[in-house]
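Each remark here refers to the structure printed beneath this line.
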Amino acid sequence: MPRLGRAMVEIPSRPTRIIQFGEGNFLRGFVDWSVQKLNERTDFNGGVAVVQPRPGGHVADLEAQDRLYTVQIQGLEDSHPVCEREVITAINSTVDPYTDWEGFLGLAEIPEAAVIVSNTTEAGIAINPADTAATRTPLGFPAKLTRLLEHRRATGLPGFIVIACELIDDNGRALHDAVLECARIFGLDPGFIDWVEAENTFCSSLVDRIVPGFPRDDAERIWDELGYRDEQLVCAEPFMLWVIKGPERLAEILPFAQAGLDVVLAEDLAPYHDRKVFLLNGPHTTMSSLARNAGFGTVGQVMDDDALLGFIRDEMRREIFPVLDLPAEDLERFAGQVEERFANPFVHHELDAIAFNAVSKFTARLLPILTAHTAAGHPLPKRIVAALAGLIWTYSGTAPAAPVDSDETISRFAGVMEVGGLARVLADIRLWGEDLSALPGLVDAVAADLEALRNRGVMNLIADISTEGR
């Protein structure tokens with residue numbers, strides 16, 4: 001079977017308008033796919049230069065296919081299954097700065113390049129202590145970006161709009177601060193810092209799309225259907241959302257709205273962050289705490305069970321909606337999209353994976369909802385209380401499912417439970433960040449749910465809560 005390459009696909013010649021730090025599945029199934037749509041649906045007419053952020057990366061694998069790869073969009077849209085495939089031709093060039101530092105700096109000399117996009121993981125925004133003024137090829141992403149900006153300034157060309165996609169809060173600000181710190185470490189003149197501040201814009205952004213990546217178990221069948229071998233094939237869900245805190249002129253530089261893509265320019269990312277964390281990640285955590293202890297293995301299996309599906313729907317609408325500061329119609333639309341994503345038959349999202357670091361995930365995803373109800377004088381949200389009981393049951397070591405966490409967290413949980421029981425666990429600030437035993441009625445409510453879980457099982461507790469309409 002032939003391998004995908006330029007002999008099969010015509011590659012348009014387009015100016016490079018975007019420099020992209022990262023060559024992984026997510027960027028190729030999200031950003032580069034979006035650029036493809038810009039080229040197809042608007043007069044954007046631009047390509048991407050991809051920078052390999054780490055040694056041992058994969059730009060050579062992309063070059064082996066002439067920078068071509070297929071994106072397969074699989075999932076549900078309006079409750080109907082879709083499967084669409086397209087060869088992405090948006091990547092103009094790649095560079096490995098560890099073997100071609102001059103080629104990397106040369107990206108700063110491209111007049112049409114106006115945007116930098118990055119997704120180098122949370123660790124990628126950290127400054128590598130090995131990077132100094134004497135380092136020719138820095139290891140850390142912020143240091144590489146600093147050197148690229150330094151070269152850009154020397155060319156006399158305008159600065160960039162830099163859009164960070166790393167999965168941390170205020171990622172654009174974090175990257176901005178890291179660049180200024182690298183400038184200080186490298187001893188760059190104050191004029192450079194002034195130029196960075198005046199000529200460049202660092203944008204925080206929130207990205208949302210499930211990109212499982214290469215379909216290892218299904219690749220041979222897909223290749224047979226495609227008629228070619230594609231080692232860089234990427235699978236992604238239909239849903240996508242990109243919220244960018246950036247200047248209005250970005251809508252002209254990257255006309256995503258004109259292309260019909262769900263890309264939002266917003267002054268504040270917080271409402272979108274909260275919507276995603278609480279309405280998508282929150283129910284995930286509930287599933288891992290409860291359904292996992294009822295023998296369910298994936299999110300899809302949960303969505304196929306009427307009792308669990310109703311429980312999750314009620315959690316979103318009765319317990320999460322009331323404390324989110326967004327219009328009801330917006331929340332309902334997003335909740336419907338979440339349900340379709342959960343039910344995607346092509347994504348097998350393991351509850352064991354969601355259960356990893358469940359204590360910290362509960363603290364970030366569901367605890368704020370619980371405390372918001374208490375602060376507003378509302379009754380305790382029973383489904384979230386049940387999720388907390390299921391989590392404590394799991395970490396106590398007596399539940400059907402075992403905890404998936406660091407040895408430190410598991411041992412601390414067990415030690416506190418042994419010394420002081422449930423009340424002591426809920427009061428442990430190191431576990432939850434606050435004393436949960438101080439929340440009115442919570443200790444008794446969790447104790448009652450724990451007893452029900454131990455004696456009657458998950459599904460009976462869910463039935464009780466659903467029947468009571470709590």
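Quick note on naming: the chains in the structure tokens go A, B, ... in the order shown, residues restart at 1 in each chain, and ligands are numbered from 1 in order of appearance.
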* Determine, counting only C-alpha atoms, which protein, DNA and RNA residues have an atom within 10 Å of an atom of Ala126 (chain A); residues of the same chain fewer than 3 positions away are not included. Present the result as a VMD selection string. => chain A and resid 121 to 123 129 140 to 143 174 to 175 178
* To do: Based on DSSP run over this structure's backbone, return all residues of region 310-462 of chain A in helix (DSSP H, G or I), as a PyMOL selection string.
  => chain A and resi 310-323+328-342+351-354+358-365+367-375+382-395+407-427+429-432+436-438+442-456+458-462
The selected residues should be written to file as an mmCIF file, in the first residue's frame (atoms: C-alpha atoms).
```cif
data_model
loop_
_atom_site.group_PDB
_atom_site.id
_atom_site.type_symbol
_atom_site.label_atom_id
_atom_site.label_comp_id
_atom_site.auth_asym_id
_atom_site.auth_seq_id
_atom_site.Cartn_x
_atom_site.Cartn_y
_atom_site.Cartn_z
ATOM 1 C CA GLY A 310 -30.706 10.543 34.162
ATOM 2 C CA PHE A 311 -28.527 11.023 37.227
ATOM 3 C CA ILE A 312 -25.840 12.863 35.243
ATOM 4 C CA ARG A 313 -28.408 15.005 33.439
ATOM 5 C CA ASP A 314 -29.966 15.987 36.747
ATOM 6 C CA GLU A 315 -26.568 16.790 38.233
ATOM 7 C CA MET A 316 -25.867 19.198 35.389
ATOM 8 C CA ARG A 317 -29.239 20.909 35.327
ATOM 9 C CA ARG A 318 -30.331 20.834 38.988
ATOM 10 C CA GLU A 319 -27.006 21.246 40.744
ATOM 11 C CA ILE A 320 -24.479 22.855 38.370
ATOM 12 C CA PHE A 321 -26.618 25.205 36.256
ATOM 13 C CA PRO A 322 -27.952 27.217 39.242
ATOM 14 C CA VAL A 323 -24.524 28.406 40.388
ATOM 15 C CA ALA A 328 -29.654 29.475 30.797
ATOM 16 C CA GLU A 329 -29.932 28.915 27.042
ATOM 17 C CA ASP A 330 -26.154 28.899 26.711
ATOM 18 C CA LEU A 331 -25.822 26.343 29.498
ATOM 19 C CA GLU A 332 -28.527 24.140 28.005
ATOM 20 C CA ARG A 333 -26.899 24.222 24.577
ATOM 21 C CA PHE A 334 -23.514 23.354 26.027
ATOM 22 C CA ALA A 335 -24.972 20.575 28.203
ATOM 23 C CA GLY A 336 -26.544 19.021 25.110
ATOM 24 C CA GLN A 337 -23.186 19.124 23.352
ATOM 25 C CA VAL A 338 -21.529 17.522 26.378
ATOM 26 C CA GLU A 339 -24.049 14.674 26.331
ATOM 27 C CA GLU A 340 -23.309 14.030 22.657
ATOM 28 C CA ARG A 341 -19.601 14.049 23.373
ATOM 29 C CA PHE A 342 -20.038 11.648 26.285
ATOM 30 C CA LEU A 351 -13.272 5.723 33.806
ATOM 31 C CA ASP A 352 -9.994 4.457 35.250
ATOM 32 C CA ALA A 353 -8.199 7.279 33.398
ATOM 33 C CA ILE A 354 -10.672 9.851 34.681
ATOM 34 C CA ALA A 358 -9.521 11.949 41.806
ATOM 35 C CA VAL A 359 -9.100 13.945 45.023
ATOM 36 C CA SER A 360 -7.525 16.928 43.261
ATOM 37 C CA LYS A 361 -10.004 16.618 40.405
ATOM 38 C CA PHE A 362 -12.964 16.660 42.793
ATOM 39 C CA THR A 363 -11.501 19.720 44.487
ATOM 40 C CA ALA A 364 -11.224 21.578 41.167
ATOM 41 C CA ARG A 365 -14.353 20.349 39.407
ATOM 42 C CA LEU A 367 -16.118 21.182 45.283
ATOM 43 C CA PRO A 368 -16.678 24.766 44.033
ATOM 44 C CA ILE A 369 -20.242 23.779 43.076
ATOM 45 C CA LEU A 370 -20.805 22.249 46.503
ATOM 46 C CA THR A 371 -19.500 25.295 48.361
ATOM 47 C CA ALA A 372 -21.403 27.695 46.074
ATOM 48 C CA HIS A 373 -24.664 26.008 47.065
ATOM 49 C CA THR A 374 -23.741 26.330 50.739
ATOM 50 C CA ALA A 375 -22.731 29.980 50.362
ATOM 51 C CA LYS A 382 -27.217 15.496 46.686
ATOM 52 C CA ARG A 383 -25.621 14.098 43.528
ATOM 53 C CA ILE A 384 -22.341 15.869 44.210
ATOM 54 C CA VAL A 385 -22.469 14.719 47.838
ATOM 55 C CA ALA A 386 -22.949 11.169 46.543
ATOM 56 C CA ALA A 387 -19.925 11.614 44.270
ATOM 57 C CA LEU A 388 -17.891 12.726 47.283
ATOM 58 C CA ALA A 389 -19.092 9.680 49.238
ATOM 59 C CA GLY A 390 -18.134 7.421 46.335
ATOM 60 C CA LEU A 391 -14.675 8.975 46.211
ATOM 61 C CA ILE A 392 -14.142 8.508 49.958
ATOM 62 C CA TRP A 393 -15.403 4.925 49.703
ATOM 63 C CA THR A 394 -12.873 4.282 46.929
ATOM 64 C CA TYR A 395 -9.947 5.781 48.861
ATOM 65 C CA ASP A 407 1.232 6.836 46.906
ATOM 66 C CA GLU A 408 1.455 9.969 49.044
ATOM 67 C CA THR A 409 -2.215 10.880 48.617
ATOM 68 C CA ILE A 410 -3.455 7.315 49.074
ATOM 69 C CA SER A 411 -1.396 6.762 52.215
ATOM 70 C CA ARG A 412 -2.400 10.132 53.696
ATOM 71 C CA PHE A 413 -6.049 9.387 53.057
ATOM 72 C CA ALA A 414 -5.763 5.972 54.694
ATOM 73 C CA GLY A 415 -3.858 7.378 57.671
ATOM 74 C CA VAL A 416 -6.328 10.162 58.349
ATOM 75 C CA MET A 417 -9.278 7.784 57.940
ATOM 76 C CA GLU A 418 -7.771 5.321 60.402
ATOM 77 C CA VAL A 419 -7.072 7.968 63.043
ATOM 78 C CA GLY A 420 -10.223 10.039 62.903
ATOM 79 C CA GLY A 421 -12.757 8.470 60.546
ATOM 80 C CA LEU A 422 -14.936 10.360 58.102
ATOM 81 C CA ALA A 423 -15.091 13.679 59.962
ATOM 82 C CA ARG A 424 -11.292 13.835 60.162
ATOM 83 C CA VAL A 425 -10.982 13.079 56.434
ATOM 84 C CA LEU A 426 -13.420 15.830 55.499
ATOM 85 C CA ALA A 427 -11.607 18.252 57.797
ATOM 86 C CA ILE A 429 -7.129 20.822 54.531
ATOM 87 C CA ARG A 430 -4.198 19.110 52.821
ATOM 88 C CA LEU A 431 -6.624 16.856 50.949
ATOM 89 C CA TRP A 432 -9.325 19.364 50.008
ATOM 90 C CA LEU A 436 -15.182 20.414 54.529
ATOM 91 C CA SER A 437 -16.463 19.274 57.916
ATOM 92 C CA ALA A 438 -17.387 22.919 58.552
ATOM 93 C CA LEU A 442 -22.055 17.626 55.040
ATOM 94 C CA VAL A 443 -20.535 15.073 57.435
ATOM 95 C CA ASP A 444 -23.925 13.513 58.149
ATOM 96 C CA ALA A 445 -24.945 13.550 54.469
ATOM 97 C CA VAL A 446 -21.726 11.874 53.322
ATOM 98 C CA ALA A 447 -21.970 9.341 56.170
ATOM 99 C CA ALA A 448 -25.503 8.397 55.094
ATOM 100 C CA ASP A 449 -24.457 7.963 51.473
ATOM 101 C CA LEU A 450 -21.400 5.946 52.491
ATOM 102 C CA GLU A 451 -23.595 3.582 54.475
ATOM 103 C CA ALA A 452 -25.939 3.213 51.500
ATOM 104 C CA LEU A 453 -23.048 2.537 49.121
ATOM 105 C CA ARG A 454 -21.526 -0.094 51.387
ATOM 106 C CA ASN A 455 -24.774 -1.874 52.211
ATOM 107 C CA ARG A 456 -26.907 -1.437 49.099
ATOM 108 C CA VAL A 458 -24.218 2.421 43.829
ATOM 109 C CA MET A 459 -27.274 1.843 41.679
ATOM 110 C CA ASN A 460 -29.647 1.719 44.640
ATOM 111 C CA LEU A 461 -28.299 5.018 45.994
ATOM 112 C CA ILE A 462 -28.692 6.578 42.552
#
```
Residues of region 44-198 of chain A classed as strand (DSSP E or B) by DSSP on the backbone are to be reported as a compact mmCIF listing (two decimals) with C-alpha atoms, in the first residue's frame.
```txt
# COMPACT_ATOMS: atom_id res chain seq x y z
CA GLY A 47 0.20 28.01 5.94
CA VAL A 48 1.88 26.89 9.15
CA ALA A 49 5.54 26.45 10.04
CA VAL A 50 5.81 23.77 12.74
CA VAL A 51 8.60 23.89 15.32
CA TYR A 69 -1.74 13.71 7.12
CA THR A 70 -5.39 12.77 7.43
CA VAL A 71 -7.79 14.02 10.07
CA GLN A 72 -10.74 11.73 10.73
CA ILE A 73 -13.65 13.48 12.46
CA GLN A 74 -15.77 10.90 14.27
CA GLY A 75 -18.66 11.39 16.64
CA LEU A 76 -22.24 12.53 16.96
CA GLU A 77 -23.78 15.69 15.51
CA HIS A 80 -26.41 11.35 14.17
CA PRO A 81 -23.06 9.59 13.75
CA VAL A 82 -20.59 11.28 11.43
CA CYS A 83 -17.28 10.14 10.01
CA GLU A 84 -15.41 12.58 7.78
CA ARG A 85 -11.86 12.32 6.51
CA GLU A 86 -9.66 14.99 4.98
CA VAL A 87 -6.00 15.29 4.06
CA ILE A 88 -4.54 18.37 5.75
CA ILE A 91 1.68 22.75 7.07
CA ASN A 92 4.20 24.52 4.86
CA SER A 93 7.40 23.56 6.65
CA THR A 94 8.86 22.03 9.78
CA VAL A 95 12.02 22.77 11.70
CA VAL A 115 0.78 34.69 14.64
CA ILE A 116 2.54 32.24 16.96
CA VAL A 117 0.57 29.35 18.47
CA SER A 118 1.87 26.99 21.14
CA ILE A 161 0.24 37.88 18.22
CA VAL A 162 1.14 34.93 20.46
CA ILE A 163 -1.70 32.54 21.35
CA ALA A 164 -0.93 30.05 24.13
```
* Which residues, written as an MDAnalysis selection string, have at least one atom at most 9 Å from Leu4 (chain A), with only C-alpha atoms counted and residues fewer than 6 positions away on the same chain left out? -> chainID A and resid 65:66 68:70 228:231
* Atomic separation - CA of Arg147 (chain A) relative to CA of Val59 (chain A), Å ->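 Taking CA of Val59 (chain A) as the start and CA of Arg147 (chain A) as the end point, the length is 20.5 Å.
Restricting the calculation to only C-alpha atoms, the smallest distance between Arg28 (chain A) and any of A:Val243, A:Leu233, A:Leu206, A:Leu265 is found for A:Leu233.
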* Give the answer as one residue: which of A:Phe186, A:Phe356, A:Phe202, A:Trp101 has the shortest atom-to-atom distance to Thr285 (chain A), using only C-alpha atoms? =>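 Under the stated criterion, the closest residue is A:Phe356.
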* What gap, in Å, lies between CA of Asp217 (chain A) and CA of Gly295 (chain A)? ->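 Rounded to one decimal, the two atoms are 24.0 Å apart.
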* Which polymer residues have any atom within 8 Å of an atom of region 298-306 of chain A, counting only C-alpha atoms, with same-chain residues fewer than 3 positions away left out, as a VMD selection string? -> chain A and resid 284 287 291 309 to 310 339 342 to 345 347 to 351
Please, could you write that set of residues out with N, CA and C atoms as a short mmCIF file (atom, residue, chain, number, x, y, z; two decimals), in the first residue's frame?
```cif
data_model
loop_
_atom_site.label_atom_id
_atom_site.label_comp_id
_atom_site.auth_asym_id
_atom_site.auth_seq_id
_atom_site.Cartn_x
_atom_site.Cartn_y
_atom_site.Cartn_z
N HIS A 284 -17.76 14.00 34.62
CA HIS A 284 -16.75 12.94 34.47
C HIS A 284 -16.31 12.43 35.84
N MET A 287 -18.93 10.32 37.48
CA MET A 287 -18.95 8.98 36.88
C MET A 287 -17.84 8.10 37.46
N ALA A 291 -20.03 5.35 39.05
CA ALA A 291 -20.24 4.30 38.05
C ALA A 291 -19.10 3.29 38.04
N LEU A 309 -27.61 7.87 33.16
CA LEU A 309 -27.80 9.01 32.27
C LEU A 309 -28.71 10.06 32.91
N GLY A 310 -29.81 9.61 33.49
CA GLY A 310 -30.71 10.54 34.16
C GLY A 310 -30.05 11.23 35.35
N GLU A 339 -23.43 16.00 26.37
CA GLU A 339 -24.05 14.67 26.33
C GLU A 339 -23.70 13.95 25.04
N PHE A 342 -20.12 12.80 25.39
CA PHE A 342 -20.04 11.65 26.28
C PHE A 342 -20.48 10.37 25.57
N ALA A 343 -21.49 10.50 24.69
CA ALA A 343 -22.08 9.33 24.04
C ALA A 343 -21.36 8.95 22.75
N ASN A 344 -20.30 9.67 22.39
CA ASN A 344 -19.58 9.41 21.14
C ASN A 344 -19.14 7.94 21.07
N PRO A 345 -19.68 7.17 20.14
CA PRO A 345 -19.35 5.74 20.09
C PRO A 345 -17.93 5.46 19.62
N VAL A 347 -15.23 7.16 20.74
CA VAL A 347 -14.26 7.51 21.80
C VAL A 347 -14.53 6.63 23.01
N HIS A 348 -13.57 5.82 23.37
CA HIS A 348 -13.71 4.92 24.51
C HIS A 348 -12.93 5.51 25.69
N HIS A 349 -13.60 6.42 26.40
CA HIS A 349 -12.96 7.15 27.49
C HIS A 349 -13.06 6.32 28.77
N GLU A 350 -11.95 5.81 29.21
CA GLU A 350 -11.92 4.90 30.35
C GLU A 350 -12.15 5.65 31.66
N LEU A 351 -13.04 5.13 32.50
CA LEU A 351 -13.27 5.72 33.81
C LEU A 351 -12.04 5.61 34.69
#
```
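Across A:Ala7, A:Leu157, A:Leu254, A:Val179, the tightest approach to Thr42 (chain A) is made by A:Leu254 when counting only C-alpha atoms.
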* Counting only C-alpha atoms, the residue of A:Ala251, A:Ala90, A:Gly22, A:Pro403 that sits nearest His58 (chain A) -> A:Gly22
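Of note, CA of Leu148 (chain A) and CA of Ala130 (chain A) are spaced 18.0 Å apart.
Nearest-residue note for Phe160 (chain A): choosing from A:Val196, A:Leu261, A:Leu38, A:Ala266, the minimum distance belongs to A:Val196, counting only C-alpha atoms.
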* To do: For Thr132 (chain A), please output as a list in words all residues within 12 Å (counting only C-alpha atoms; exclusion window: fewer than 5 positions along the same chain).
  =>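 The residues satisfying every condition are Ile127, Thr137, Pro138, Leu139, Gly140, Ala143, Lys144, Thr146, Arg147, Glu181, Cys182, Ala183, Arg184, Ile185, Phe186, Gly187 and Leu188 of chain A.
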